[in-house]
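A.B. asks: Take a look at structure-v2.pdb, PDB, C-alpha atoms, pLDDT in the B column:
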ATOM      1  CA  MET S1275      63.211 -70.967 -13.014  1.00 43.00           C
ATOM      2  CA  ASN S1276      64.904 -72.099 -16.188  1.00 46.00           C
ATOM      3  CA  GLN S1277      62.849 -74.645 -18.129  1.00 58.00           C
ATOM      4  CA  ASP S1278      65.848 -76.021 -20.069  1.00 78.00           C
ATOM      5  CA  ILE S1279      67.844 -76.914 -16.957  1.00 84.00           C
ATOM      6  CA  ILE S1280      66.466 -78.850 -14.013  1.00 87.00           C
ATOM      7  CA  VAL S1281      68.701 -79.409 -10.990  1.00 90.00           C
ATOM      8  CA  ASN S1282      68.085 -82.859  -9.539  1.00 91.00           C
ATOM      9  CA  ASP S1283      67.781 -83.702  -5.846  1.00 91.00           C
ATOM     10  CA  ASP S1284      70.901 -85.902  -5.765  1.00 95.00           C
ATOM     11  CA  LEU S1285      73.009 -83.526  -3.669  1.00 96.00           C
ATOM     12  CA  ASN S1286      76.216 -84.930  -2.232  1.00 96.00           C
ATOM     13  CA  TRP S1287      78.559 -82.946   0.011  1.00 97.00           C
ATOM     14  CA  GLN S1288      82.174 -83.815  -0.830  1.00 97.00           C
ATOM     15  CA  PRO S1289      84.234 -82.534   2.115  1.00 96.00           C
ATOM     16  CA  ALA S1290      87.586 -83.545   0.602  1.00 97.00           C
ATOM     17  CA  HIS S1291      86.896 -81.252  -2.359  1.00 97.00           C
ATOM     18  CA  GLN S1292      84.908 -78.630  -0.393  1.00 97.00           C
ATOM     19  CA  ARG S1293      82.042 -78.792  -2.896  1.00 97.00           C
ATOM     20  CA  VAL S1294      78.538 -80.089  -3.449  1.00 98.00           C
ATOM     21  CA  ALA S1295      78.084 -82.555  -6.299  1.00 98.00           C
ATOM     22  CA  PHE S1296      74.724 -82.713  -8.053  1.00 97.00           C
ATOM     23  CA  SER S1297      73.325 -83.456 -11.471  1.00 96.00           C
ATOM     24  CA  ALA S1298      71.170 -81.441 -13.811  1.00 93.00           C
ATOM     25  CA  GLN S1299      68.832 -82.492 -16.580  1.00 91.00           C
ATOM     26  CA  TRP S1300      69.462 -80.694 -19.857  1.00 82.00           C
ATOM     27  CA  PHE S1301      67.302 -81.560 -22.861  1.00 81.00           C
ATOM     28  CA  GLY S1302      66.880 -85.115 -21.603  1.00 81.00           C
ATOM     29  CA  GLY S1303      70.559 -85.654 -20.799  1.00 86.00           C
ATOM     30  CA  GLN S1304      72.212 -85.639 -17.413  1.00 92.00           C
ATOM     31  CA  VAL S1305      75.176 -83.385 -16.617  1.00 93.00           C
ATOM     32  CA  ALA S1306      77.377 -83.801 -13.528  1.00 96.00           C
ATOM     33  CA  CYS S1307      77.754 -80.467 -11.732  1.00 97.00           C
ATOM     34  CA  PHE S1308      79.727 -79.128  -8.792  1.00 98.00           C
ATOM     35  CA  ILE S1309      79.451 -75.959  -6.748  1.00 97.00           C
ATOM     36  CA  SER S1310      82.293 -74.997  -4.464  1.00 97.00           C
ATOM     37  CA  LEU S1311      81.679 -74.197  -0.829  1.00 98.00           C
ATOM     38  CA  SER S1312      83.033 -70.682  -1.352  1.00 97.00           C
ATOM     39  CA  GLN S1313      80.620 -70.050  -4.261  1.00 96.00           C
ATOM     40  CA  LEU S1314      77.711 -71.373  -2.199  1.00 97.00           C
ATOM     41  CA  GLU S1315      78.706 -69.121   0.705  1.00 97.00           C
ATOM     42  CA  HIS S1316      78.895 -66.194  -1.717  1.00 96.00           C
ATOM     43  CA  LEU S1317      75.405 -66.902  -3.078  1.00 96.00           C
ATOM     44  CA  THR S1318      73.866 -67.233   0.390  1.00 95.00           C
ATOM     45  CA  GLY S1319      75.899 -64.521   2.098  1.00 95.00           C
ATOM     46  CA  GLN S1320      76.629 -66.704   5.102  1.00 93.00           C
ATOM     47  CA  PRO S1321      79.402 -68.976   6.355  1.00 95.00           C
ATOM     48  CA  LEU S1322      78.546 -72.663   6.086  1.00 96.00           C
ATOM     49  CA  VAL S1323      80.186 -75.033   8.535  1.00 92.00           C
ATOM     50  CA  ASP S1324      78.401 -78.386   8.452  1.00 94.00           C
ATOM     51  CA  GLU S1325      76.750 -80.660   5.907  1.00 95.00           C
ATOM     52  CA  ALA S1326      73.187 -79.994   7.055  1.00 94.00           C
ATOM     53  CA  ASN S1327      73.612 -76.220   6.689  1.00 95.00           C
ATOM     54  CA  ILE S1328      75.381 -76.639   3.352  1.00 96.00           C
ATOM     55  CA  ILE S1329      72.496 -78.687   1.924  1.00 95.00           C
ATOM     56  CA  LEU S1330      69.903 -76.254   3.296  1.00 95.00           C
ATOM     57  CA  ALA S1331      71.869 -73.365   1.802  1.00 96.00           C
ATOM     58  CA  PHE S1332      71.950 -75.110  -1.588  1.00 96.00           C
ATOM     59  CA  GLU S1333      68.168 -75.539  -1.468  1.00 95.00           C
ATOM     60  CA  SER S1334      67.688 -71.872  -0.575  1.00 95.00           C
ATOM     61  CA  VAL S1335      69.476 -70.764  -3.768  1.00 96.00           C
ATOM     62  CA  ARG S1336      68.481 -73.654  -6.041  1.00 94.00           C
ATOM     63  CA  PHE S1337      66.949 -71.372  -8.700  1.00 91.00           C
ATOM     64  CA  ASP S1338      70.064 -69.180  -8.756  1.00 94.00           C
ATOM     65  CA  ILE S1339      72.148 -72.320  -9.222  1.00 94.00           C
ATOM     66  CA  GLU S1340      69.890 -73.432 -12.092  1.00 92.00           C
ATOM     67  CA  GLU S1341      70.479 -70.059 -13.762  1.00 93.00           C
ATOM     68  CA  LYS S1342      74.243 -70.348 -13.320  1.00 94.00           C
ATOM     69  CA  VAL S1343      74.212 -73.888 -14.740  1.00 93.00           C
ATOM     70  CA  SER S1344      72.184 -72.609 -17.686  1.00 91.00           C
ATOM     71  CA  GLU S1345      74.720 -69.822 -18.307  1.00 93.00           C
ATOM     72  CA  LEU S1346      77.599 -72.315 -18.246  1.00 93.00           C
ATOM     73  CA  VAL S1347      75.788 -74.640 -20.645  1.00 90.00           C
ATOM     74  CA  GLY S1348      75.205 -71.689 -22.974  1.00 88.00           C
ATOM     75  CA  GLN S1349      78.916 -70.891 -22.830  1.00 93.00           C
ATOM     76  CA  GLU S1350      79.743 -74.571 -23.383  1.00 90.00           C
ATOM     77  CA  ALA S1351      81.947 -74.346 -20.279  1.00 94.00           C
ATOM     78  CA  PHE S1352      82.128 -78.104 -19.771  1.00 93.00           C
ATOM     79  CA  GLY S1353      85.189 -79.645 -18.168  1.00 94.00           C
ATOM     80  CA  PRO S1354      87.204 -82.370 -19.912  1.00 95.00           C
ATOM     81  CA  ASP S1355      84.948 -84.968 -18.271  1.00 95.00           C
ATOM     82  CA  GLY S1356      81.762 -83.207 -19.430  1.00 92.00           C
ATOM     83  CA  SER S1357      80.946 -81.763 -16.002  1.00 95.00           C
ATOM     84  CA  LEU S1358      80.213 -78.175 -15.012  1.00 96.00           C
ATOM     85  CA  SER S1359      81.868 -76.428 -12.065  1.00 96.00           C
ATOM     86  CA  LEU S1360      80.397 -73.358 -10.427  1.00 94.00           C
TER      87      LEU S1360
END
Produce structure tokens that represent the structure in this file.
C.D. replies:
Amino acid sequence: MNQDIIVNDDLNWQPAHQRVAFSAQWFGGQVACFISLSQLEHLTGQPLVDEANIILAFESVRFDIEEKVSELVGQEAFGPDGSLSL
């Protein structure tokens, strides 16, 4: 678990974009983050077909997601709007 990055519990499945939106705390600030369905399926190794399974899958790899967010922050890989996309 990365102590600099904390992924919040505000998960939101966005079917039109095929991604999960969430936020992360980074040194007291909040960063909008997104993980694509395909990346989440890659991390879990399983196909995800409905919102309930997608959210459960996210929770099962939460610490991996925190690490990936931390790597992107370290690379300053922020989008034009200040968000991070995995």
A.B. asks: List as a ChimeraX atom specification the protein and nucleic acid residues near segment 1333-1335 of chain S, meaning an atom at most 9 Å away when only C-alpha atoms are counted, but skip any in the same chain fewer than 5 places from it.
C.D. replies: /S:1314,1317-1318,1328,1340
A.B. asks: Step by step, work through what the PyMOL selection byres ((chain S and resi 1308) around 6) selects in the shown file, and finish by giving those residues as a PyMOL selection string.
C.D. replies: chain S and resi 1294-1295+1307+1309+1359
A.B. asks: Store the residues picked out above, limited to C-alpha atoms, as an mmCIF file, in the coordinates of the input.
C.D. replies:
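Dumped to again.cif:
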data_model
loop_
_atom_site.group_PDB
_atom_site.id
_atom_site.type_symbol
_atom_site.label_atom_id
_atom_site.label_comp_id
_atom_site.auth_asym_id
_atom_site.auth_seq_id
_atom_site.Cartn_x
_atom_site.Cartn_y
_atom_site.Cartn_z
ATOM 1 C CA VAL S 1294 78.538 -80.089 -3.449
ATOM 2 C CA ALA S 1295 78.084 -82.555 -6.299
ATOM 3 C CA CYS S 1307 77.754 -80.467 -11.732
ATOM 4 C CA ILE S 1309 79.451 -75.959 -6.748
ATOM 5 C CA SER S 1359 81.868 -76.428 -12.065
#
A.B. asks: Using only C-alpha atoms, pick whichever of S:Pro1289, S:Gly1356, S:Phe1337, S:Ser1344 has the shortest atom-to-atom distance to Val1323 of chain S.
C.D. replies: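 Selected residue with least distance to Val1323 of chain S: S:Pro1289.
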A.B. asks: For atom CA of Gly1302 of chain S and atom CA of Asp1355 of chain S, quote the distance in Å rounded to one decimal.
C.D. replies: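 We find that atom CA of Gly1302 of chain S and atom CA of Asp1355 of chain S lie 18.4 Å from each other.
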A.B. asks: The PyMOL selection byres ((chain S and resi 1281) around 7) - which residues does that actually catch in the file I just gave you? List them as a list in words.
C.D. replies: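 Taken over the shown coordinates, the PyMOL selection byres ((chain S and resi 1281) around 7) returns Ile1279, Ile1280, Asn1282, Asp1283, Ser1297, Ala1298, Gln1299 and Glu1340 of chain S.
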A.B. asks: Which residue, S:Glu1325, S:Gly1319, S:Val1305, S:Ala1351, has the smallest gap to Gln1292 of chain S when you use only C-alpha atoms?
C.D. replies: S:Glu1325
A.B. asks: Please determine, counting only C-alpha atoms, which residue among S:Ala1306, S:Trp1287, S:Ser1312, S:Leu1330 has the shortest atom-to-atom distance to Gly1353 of chain S.
C.D. replies: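 Going through S:Ala1306, S:Trp1287, S:Ser1312, S:Leu1330 one by one, the smallest distance to Gly1353 of chain S is for S:Ala1306.
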A.B. asks: Report, in Å to a single decimal, how far apart atom CA of Asn1286 of chain S and atom CA of Val1347 of chain S are.
C.D. replies: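 Calculated distance between atom CA of Val1347 of chain S and atom CA of Asn1286 of chain S is 21.1 Å.
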A.B. asks: So the first atom is atom CA of Ala1326 of chain S and the second is atom CA of Gly1303 of chain S; what is the distance between them in Å, to one decimal place?
C.D. replies: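 Pair atom CA of Ala1326 of chain S / atom CA of Gly1303 of chain S returns 28.5 Å.
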A.B. asks: Please return the centre and edge lengths, in Å to one decimal, of a box with edges along x, y and z that contains all listed atoms of segment 1336-1342 of chain S, widened by 8 Å on every side, as JSON.
C.D. replies:
{"center_x": 70.6, "center_y": -71.4, "center_z": -9.9, "size_x": 23.3, "size_y": 20.5, "size_z": 23.7}
A.B. asks: Check the smallest atom-to-atom distance from each of S:Ser1310, S:Gln1288, S:Arg1293, S:Trp1300 to Leu1346 of chain S using all atoms listed in the file, then report the winner.
C.D. replies: S:Trp1300
A.B. asks: With all atoms listed in the file as the basis for distance, which of S:Leu1311, S:Asp1284, S:Ser1357, S:Phe1301 is at the shortest distance from Asn1327 of chain S?
C.D. replies: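 Result for the nearest residue to Asn1327 of chain S: S:Leu1311.
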A.B. asks: Between S:His1291, S:Leu1360, S:Gln1304, S:Pro1321, single out the one closest to Glu1341 of chain S, counting all atoms listed in the file.
C.D. replies: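 Of all the options, S:Leu1360 lies closest to Glu1341 of chain S.
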